[in-house]
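Below is work-v7.txt, which holds compact mmCIF, C-alpha atoms.
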# COMPACT_ATOMS: atom_id res chain seq x y z
CA MET Y 1 0.00 0.00 0.00
CA LYS Y 2 2.86 2.37 0.85
CA THR Y 3 4.46 1.71 -2.54
CA LYS Y 4 1.19 2.47 -4.35
CA THR Y 5 0.75 5.69 -2.37
CA LEU Y 6 4.26 6.87 -3.23
CA LEU Y 7 3.70 6.01 -6.90
CA LEU Y 8 0.44 7.98 -7.00
CA ALA Y 9 2.08 10.97 -5.32
CA SER Y 10 4.93 10.85 -7.83
CA LEU Y 11 2.50 10.85 -10.74
CA LEU Y 12 0.58 13.81 -9.31
CA LEU Y 13 3.76 15.79 -8.77
CA ALA Y 14 4.89 14.99 -12.29
CA GLY Y 15 1.60 16.37 -13.61
CA LEU Y 16 2.00 19.56 -11.60
CA ALA Y 17 5.55 20.00 -12.82
CA LYS Y 18 4.64 20.01 -16.51
CA PRO Y 19 6.18 23.01 -18.31
CA MET Y 20 4.04 25.56 -20.08
CA ALA Y 21 3.12 24.33 -23.54
CA GLY Y 22 3.15 26.21 -26.81
CA PRO Y 23 0.72 28.83 -28.11
CA LEU Y 24 -3.02 28.27 -28.43
CA GLU Y 25 -4.76 29.29 -31.64
CA ALA Y 26 -8.45 28.95 -32.42
CA ASP Y 27 -10.80 29.95 -35.22
CA VAL Y 28 -14.36 30.12 -33.92
CA HIS Y 29 -17.16 30.41 -36.46
CA LEU Y 30 -20.23 32.01 -34.89
CA THR Y 31 -23.46 31.43 -36.82
CA TYR Y 32 -26.35 33.80 -36.09
CA PRO Y 33 -29.88 32.74 -37.07
CA LEU Y 34 -31.78 35.09 -39.36
CA THR Y 35 -34.14 37.30 -37.35
CA VAL Y 36 -37.38 39.02 -38.23
CA LYS Y 37 -35.86 42.27 -37.01
CA LYS Y 38 -33.26 43.89 -39.28
CA LEU Y 39 -29.94 44.04 -37.45
CA GLU Y 40 -27.43 46.81 -38.14
CA SER Y 41 -24.44 48.25 -36.25
CA ILE Y 42 -24.33 45.22 -33.96
CA TYR Y 43 -21.84 44.93 -31.07
CA ILE Y 44 -20.11 41.55 -30.53
CA ASP Y 45 -18.14 40.71 -27.39
CA ALA Y 46 -16.21 37.40 -27.54
CA ARG Y 47 -13.90 36.12 -24.80
CA LEU Y 48 -11.52 33.26 -24.09
CA TYR Y 49 -11.16 32.18 -20.45
CA GLU Y 50 -8.87 29.77 -18.64
CA TYR Y 51 -9.67 28.05 -15.36
CA ASP Y 52 -8.17 25.51 -13.00
CA PRO Y 53 -10.46 22.43 -12.85
CA TRP Y 54 -8.92 21.46 -9.49
CA LEU Y 55 -9.93 24.73 -7.80
CA ALA Y 56 -13.71 25.01 -7.71
CA ASP Y 57 -13.83 28.29 -5.75
CA VAL Y 58 -11.44 30.26 -8.00
CA SER Y 59 -12.90 32.35 -10.83
CA ALA Y 60 -11.82 32.00 -14.46
CA THR Y 61 -9.19 34.32 -15.96
CA LEU Y 62 -9.74 36.27 -19.16
CA VAL Y 63 -6.86 35.50 -21.57
CA ASP Y 64 -8.14 36.93 -24.88
CA HIS Y 65 -10.87 39.42 -25.71
CA VAL Y 66 -12.30 40.31 -29.13
CA VAL Y 67 -14.77 43.15 -29.71
CA LEU Y 68 -16.44 43.84 -33.06
CA GLU Y 69 -18.55 46.95 -33.58
CA ASP Y 70 -20.90 48.22 -36.28
CA VAL Y 71 -21.54 44.78 -37.80
CA ASP Y 72 -24.50 44.59 -40.20
CA PHE Y 73 -26.18 41.18 -40.30
CA SER Y 74 -27.63 39.57 -43.41
CA THR Y 75 -31.29 40.29 -44.13
CA THR Y 76 -31.86 37.07 -46.11
CA ALA Y 77 -29.61 34.37 -44.61
CA ASP Y 78 -27.97 33.33 -41.37
CA SER Y 79 -24.95 35.50 -40.56
CA LEU Y 80 -21.44 34.13 -40.03
CA VAL Y 81 -18.79 35.87 -37.92
CA ASP Y 82 -15.25 34.48 -37.63
CA ILE Y 83 -13.40 35.07 -34.37
CA HIS Y 84 -9.71 34.28 -33.89
CA PHE Y 85 -8.43 33.65 -30.36
CA SER Y 86 -4.84 33.20 -29.26
CA ALA Y 87 -3.22 32.55 -25.89
CA LYS Y 88 -0.50 30.48 -24.24
CA ARG Y 89 -1.40 27.19 -22.61
CA LYS Y 90 -0.59 26.73 -18.95
CA ALA Y 91 -0.10 23.37 -17.30
CA ARG Y 92 -3.29 21.87 -15.84
CA MET Y 93 -5.52 24.71 -17.07
CA LYS Y 94 -8.76 24.26 -19.05
CA TYR Y 95 -10.36 26.74 -21.44
CA TYR Y 96 -13.78 27.92 -22.58
CA ILE Y 97 -15.23 30.69 -24.72
CA ALA Y 98 -18.09 33.11 -24.14
CA ALA Y 99 -19.74 35.34 -26.72
CA ARG Y 100 -22.54 37.86 -26.30
CA THR Y 101 -24.02 40.08 -28.97
CA TYR Y 102 -25.86 43.34 -28.32
CA SER Y 103 -27.83 45.88 -30.32
CA LYS Y 104 -24.99 48.28 -29.47
CA LYS Y 105 -22.44 48.70 -26.69
CA GLY Y 106 -24.45 48.78 -23.48
CA GLY Y 107 -27.64 47.92 -25.37
CA PRO Y 108 -30.05 44.98 -25.10
CA LEU Y 109 -28.67 41.46 -25.45
CA TYR Y 110 -29.64 39.80 -28.76
CA PHE Y 111 -27.55 36.59 -28.91
CA PHE Y 112 -25.47 34.42 -26.58
CA ILE Y 113 -23.79 31.00 -26.45
CA ASP Y 114 -26.24 28.53 -24.95
CA GLY Y 115 -24.26 26.35 -22.55
CA PHE Y 116 -20.64 25.90 -21.50
CA GLN Y 117 -18.47 25.95 -24.64
CA LYS Y 118 -15.15 24.23 -23.92
CA ILE Y 119 -12.18 24.57 -26.26
CA PHE Y 120 -8.58 23.30 -26.50
CA GLU Y 121 -9.54 20.02 -24.84
CA HIS Y 122 -7.26 17.81 -26.92
CA LYS Y 123 -5.21 20.10 -29.16
CA ASP Y 124 -3.61 23.54 -29.24
CA ASP Y 125 -4.82 24.53 -32.72
CA GLU Y 126 -8.58 24.27 -33.06
CA GLU Y 127 -11.45 25.27 -35.32
CA ILE Y 128 -15.02 25.03 -34.05
CA ASP Y 129 -18.52 26.02 -35.16
CA VAL Y 130 -20.92 27.57 -32.66
CA ARG Y 131 -24.55 28.40 -33.33
CA MET Y 132 -25.66 31.41 -31.32
CA LYS Y 133 -28.88 31.41 -29.31
CA SER Y 134 -31.25 34.23 -30.26
CA LYS Y 135 -33.45 36.25 -27.91
CA LEU Y 136 -35.24 37.69 -30.95
CA ALA Y 137 -37.87 36.13 -33.20
CA THR Y 138 -36.24 34.20 -36.04
CA LYS Y 139 -37.31 33.18 -39.53
CA LYS Y 140 -36.26 30.68 -42.18
CA PRO Y 141 -33.11 31.76 -44.07
CA LYS Y 142 -32.57 31.61 -47.82
CA GLY Y 143 -29.34 29.95 -48.92
CA ASP Y 144 -26.10 29.39 -47.03
CA PRO Y 145 -24.88 31.60 -44.16
CA GLU Y 146 -23.23 34.86 -45.23
CA LYS Y 147 -20.00 36.05 -43.65
CA VAL Y 148 -20.59 39.52 -42.23
CA GLY Y 149 -17.48 40.16 -40.15
CA GLY Y 150 -14.65 38.91 -37.98
CA ASN Y 151 -11.31 39.84 -36.49
CA ASP Y 152 -9.52 37.80 -39.16
CA ASP Y 153 -10.46 40.28 -41.93
CA ASP Y 154 -7.83 42.61 -43.35
CA GLY Y 155 -9.72 43.69 -46.46
CA GLY Y 156 -6.72 42.79 -48.63
CA GLU Y 157 -4.80 45.76 -47.24
CA GLU Y 158 -1.43 45.79 -45.54
CA ASN Y 159 -1.78 45.47 -41.77
CA SER Y 160 -0.71 48.50 -39.75
CA GLY Y 161 -1.32 49.80 -36.28
CA LYS Y 162 -0.31 52.31 -33.63
CA ILE Y 163 -1.08 53.06 -29.99
CA THR Y 164 -3.66 55.84 -29.80
CA GLY Y 165 -4.18 55.92 -26.05
CA ILE Y 166 -3.41 54.23 -22.73
CA TYR Y 167 -6.12 54.04 -20.06
CA ARG Y 168 -6.65 52.54 -16.64
CA ALA Y 169 -9.18 49.73 -16.39
CA VAL Y 170 -10.99 47.85 -13.65
CA GLU Y 171 -11.88 44.15 -13.70
CA ILE Y 172 -15.25 43.50 -12.10
CA GLU Y 173 -16.00 39.92 -11.06
CA TRP Y 174 -19.64 38.96 -10.73
CA ASP Y 175 -22.01 36.02 -10.84
CA GLY Y 176 -25.68 35.72 -11.65
CA THR Y 177 -28.42 33.19 -12.25
CA ASP Y 178 -28.06 31.44 -15.60
CA GLY Y 179 -29.98 33.41 -18.24
CA ALA Y 180 -30.84 36.34 -15.94
CA GLU Y 181 -30.15 39.84 -17.33
CA PHE Y 182 -28.50 42.63 -15.35
CA ALA Y 183 -27.45 46.24 -15.86
CA LEU Y 184 -23.94 47.07 -14.65
CA GLN Y 185 -24.09 50.64 -13.38
CA LYS Y 186 -21.57 53.17 -12.09
CA SER Y 187 -21.87 56.29 -9.95
CA ASN Y 188 -19.64 59.00 -8.53
CA ASP Y 189 -21.96 59.95 -5.65
CA LEU Y 190 -24.10 56.83 -4.91
CA GLU Y 191 -27.18 58.79 -6.01
CA ASN Y 192 -26.99 59.14 -9.79
CA TRP Y 193 -26.37 55.85 -11.61
CA GLU Y 194 -25.40 55.27 -15.24
CA THR Y 195 -25.72 51.93 -17.04
CA VAL Y 196 -22.43 51.06 -18.74
CA GLU Y 197 -23.06 47.49 -19.88
CA SER Y 198 -25.78 44.84 -20.06
CA LEU Y 199 -24.80 41.44 -18.67
CA VAL Y 200 -26.32 37.96 -18.71
CA GLY Y 201 -25.62 35.46 -15.95
CA ASN Y 202 -24.34 31.97 -16.70
CA GLY Y 203 -24.47 30.52 -13.18
CA GLU Y 204 -20.72 30.99 -12.70
CA THR Y 205 -18.33 33.74 -11.66
CA THR Y 206 -17.16 35.76 -14.66
CA SER Y 207 -15.46 39.12 -15.13
CA VAL Y 208 -15.75 42.24 -17.25
CA PHE Y 209 -13.09 44.88 -17.97
CA LEU Y 210 -14.06 48.57 -18.12
CA ARG Y 211 -12.15 51.83 -18.52
CA VAL Y 212 -12.16 54.00 -15.38
CA SER Y 213 -11.55 57.72 -14.88
CA GLY Y 214 -9.40 59.37 -12.24
CA HIS Y 215 -12.15 60.06 -9.71
CA THR Y 216 -13.81 57.56 -7.37
CA GLN Y 217 -16.44 55.34 -8.94
CA PHE Y 218 -18.97 53.00 -7.35
CA TRP Y 219 -20.47 49.97 -9.07
CA ARG Y 220 -23.63 47.89 -8.74
CA LEU Y 221 -25.69 45.24 -10.57
CA GLN Y 222 -29.37 45.86 -11.17
CA PRO Y 223 -31.79 43.20 -12.52
CA GLU Y 224 -33.30 44.16 -15.89
Take the structure in the file and write it out as structure tokens.
Amino acid sequence: MKTKTLLLASLLLAGLAKPMAGPLEADVHLTYPLTVKKLESIYIDARLYEYDPWLADVSATLVDHVVLEDVDFSTTADSLVDIHFSAKRKARMKYYIAARTYSKKGGPLYFFIDGFQKIFEHKDDEEIDVRMKSKLATKKPKGDPEKVGGNDDDGGEENSGKITGIYRAVEIEWDGTDGAEFALQKSNDLENWETVESLVGNGETTSVFLRVSGHTQFWRLQPE
């Protein structure tokens, strides 16, 4: 029995001592069902999280975040949006994605991923298809899904970029009943409150990053 115990302990320690693996790359194809309502200038918030499956009381960590704005959806077919995530795998960690789509930033929620969408379970380079759940009335599409946007588009132009600003941000951790909608609000005086983002609970602790100004700010969640 002592020999078996020592062997098990050695195996566990070997698992904990695994070095960090290589980069993680994923192409996630989000399919949005055609809705009765015409959708223009849509705001898409997609996130990649990592979590430790051995620590049940520790919240997940955001490792990649993609935001798409002013996306016009198809008026005749389902809409397809391609999201590319990248990160670096850590030993023992697991990963999942979350995606929410709003009428605009801070506006009503239109689409979300229904369920817990795991990723990178067996490989570091992955491509998956996810059908978004609609909160709007839908109708039968005509033809194949049409690609309407994604963070893999470069329009055939040479890629370029520059830093245009550096700001302080706050990470707010929260949890809510699965499917319940909340308004995240801020205030400078605890009397006047401004809604800065609409959130939907998934039954687990999640986080959201927001820019903050130099003066004191208070935060609260209000059911919608």
So what do you get for CA of Leu210 (chain Y) versus CA of Ala99 (chain Y), distance-wise?
->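 About the pair CA of Leu210 (chain Y) and CA of Ala99 (chain Y): they are 16.8 Å apart.
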How many Å lie between CA of Leu221 (chain Y) and CA of Asp189 (chain Y), rounded to one decimal?
->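 Distance between the two atoms: 16.0 Å.
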Which one of Y:Glu197, Y:Asp78, Y:Glu69, Y:Glu191 sits closest to Gly107 (chain Y) if you count only C-alpha atoms?
->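 Of the candidates, the smallest distance to Gly107 (chain Y) is held by Y:Glu197.
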Write out as a ChimeraX atom specification which residues come within 8 Å of Arg100 (chain Y) when counting only C-alpha atoms, dropping same-chain ones fewer than 4 positions away.
-> /Y:44-46,109-113
Pick from Y:Lys133, Y:Lys147, Y:His65, Y:Lys139, whichever lies nearest to Phe209 (chain Y) using only C-alpha atoms |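 Once distances to Phe209 (chain Y) are computed over only C-alpha atoms, the minimum belongs to Y:His65.
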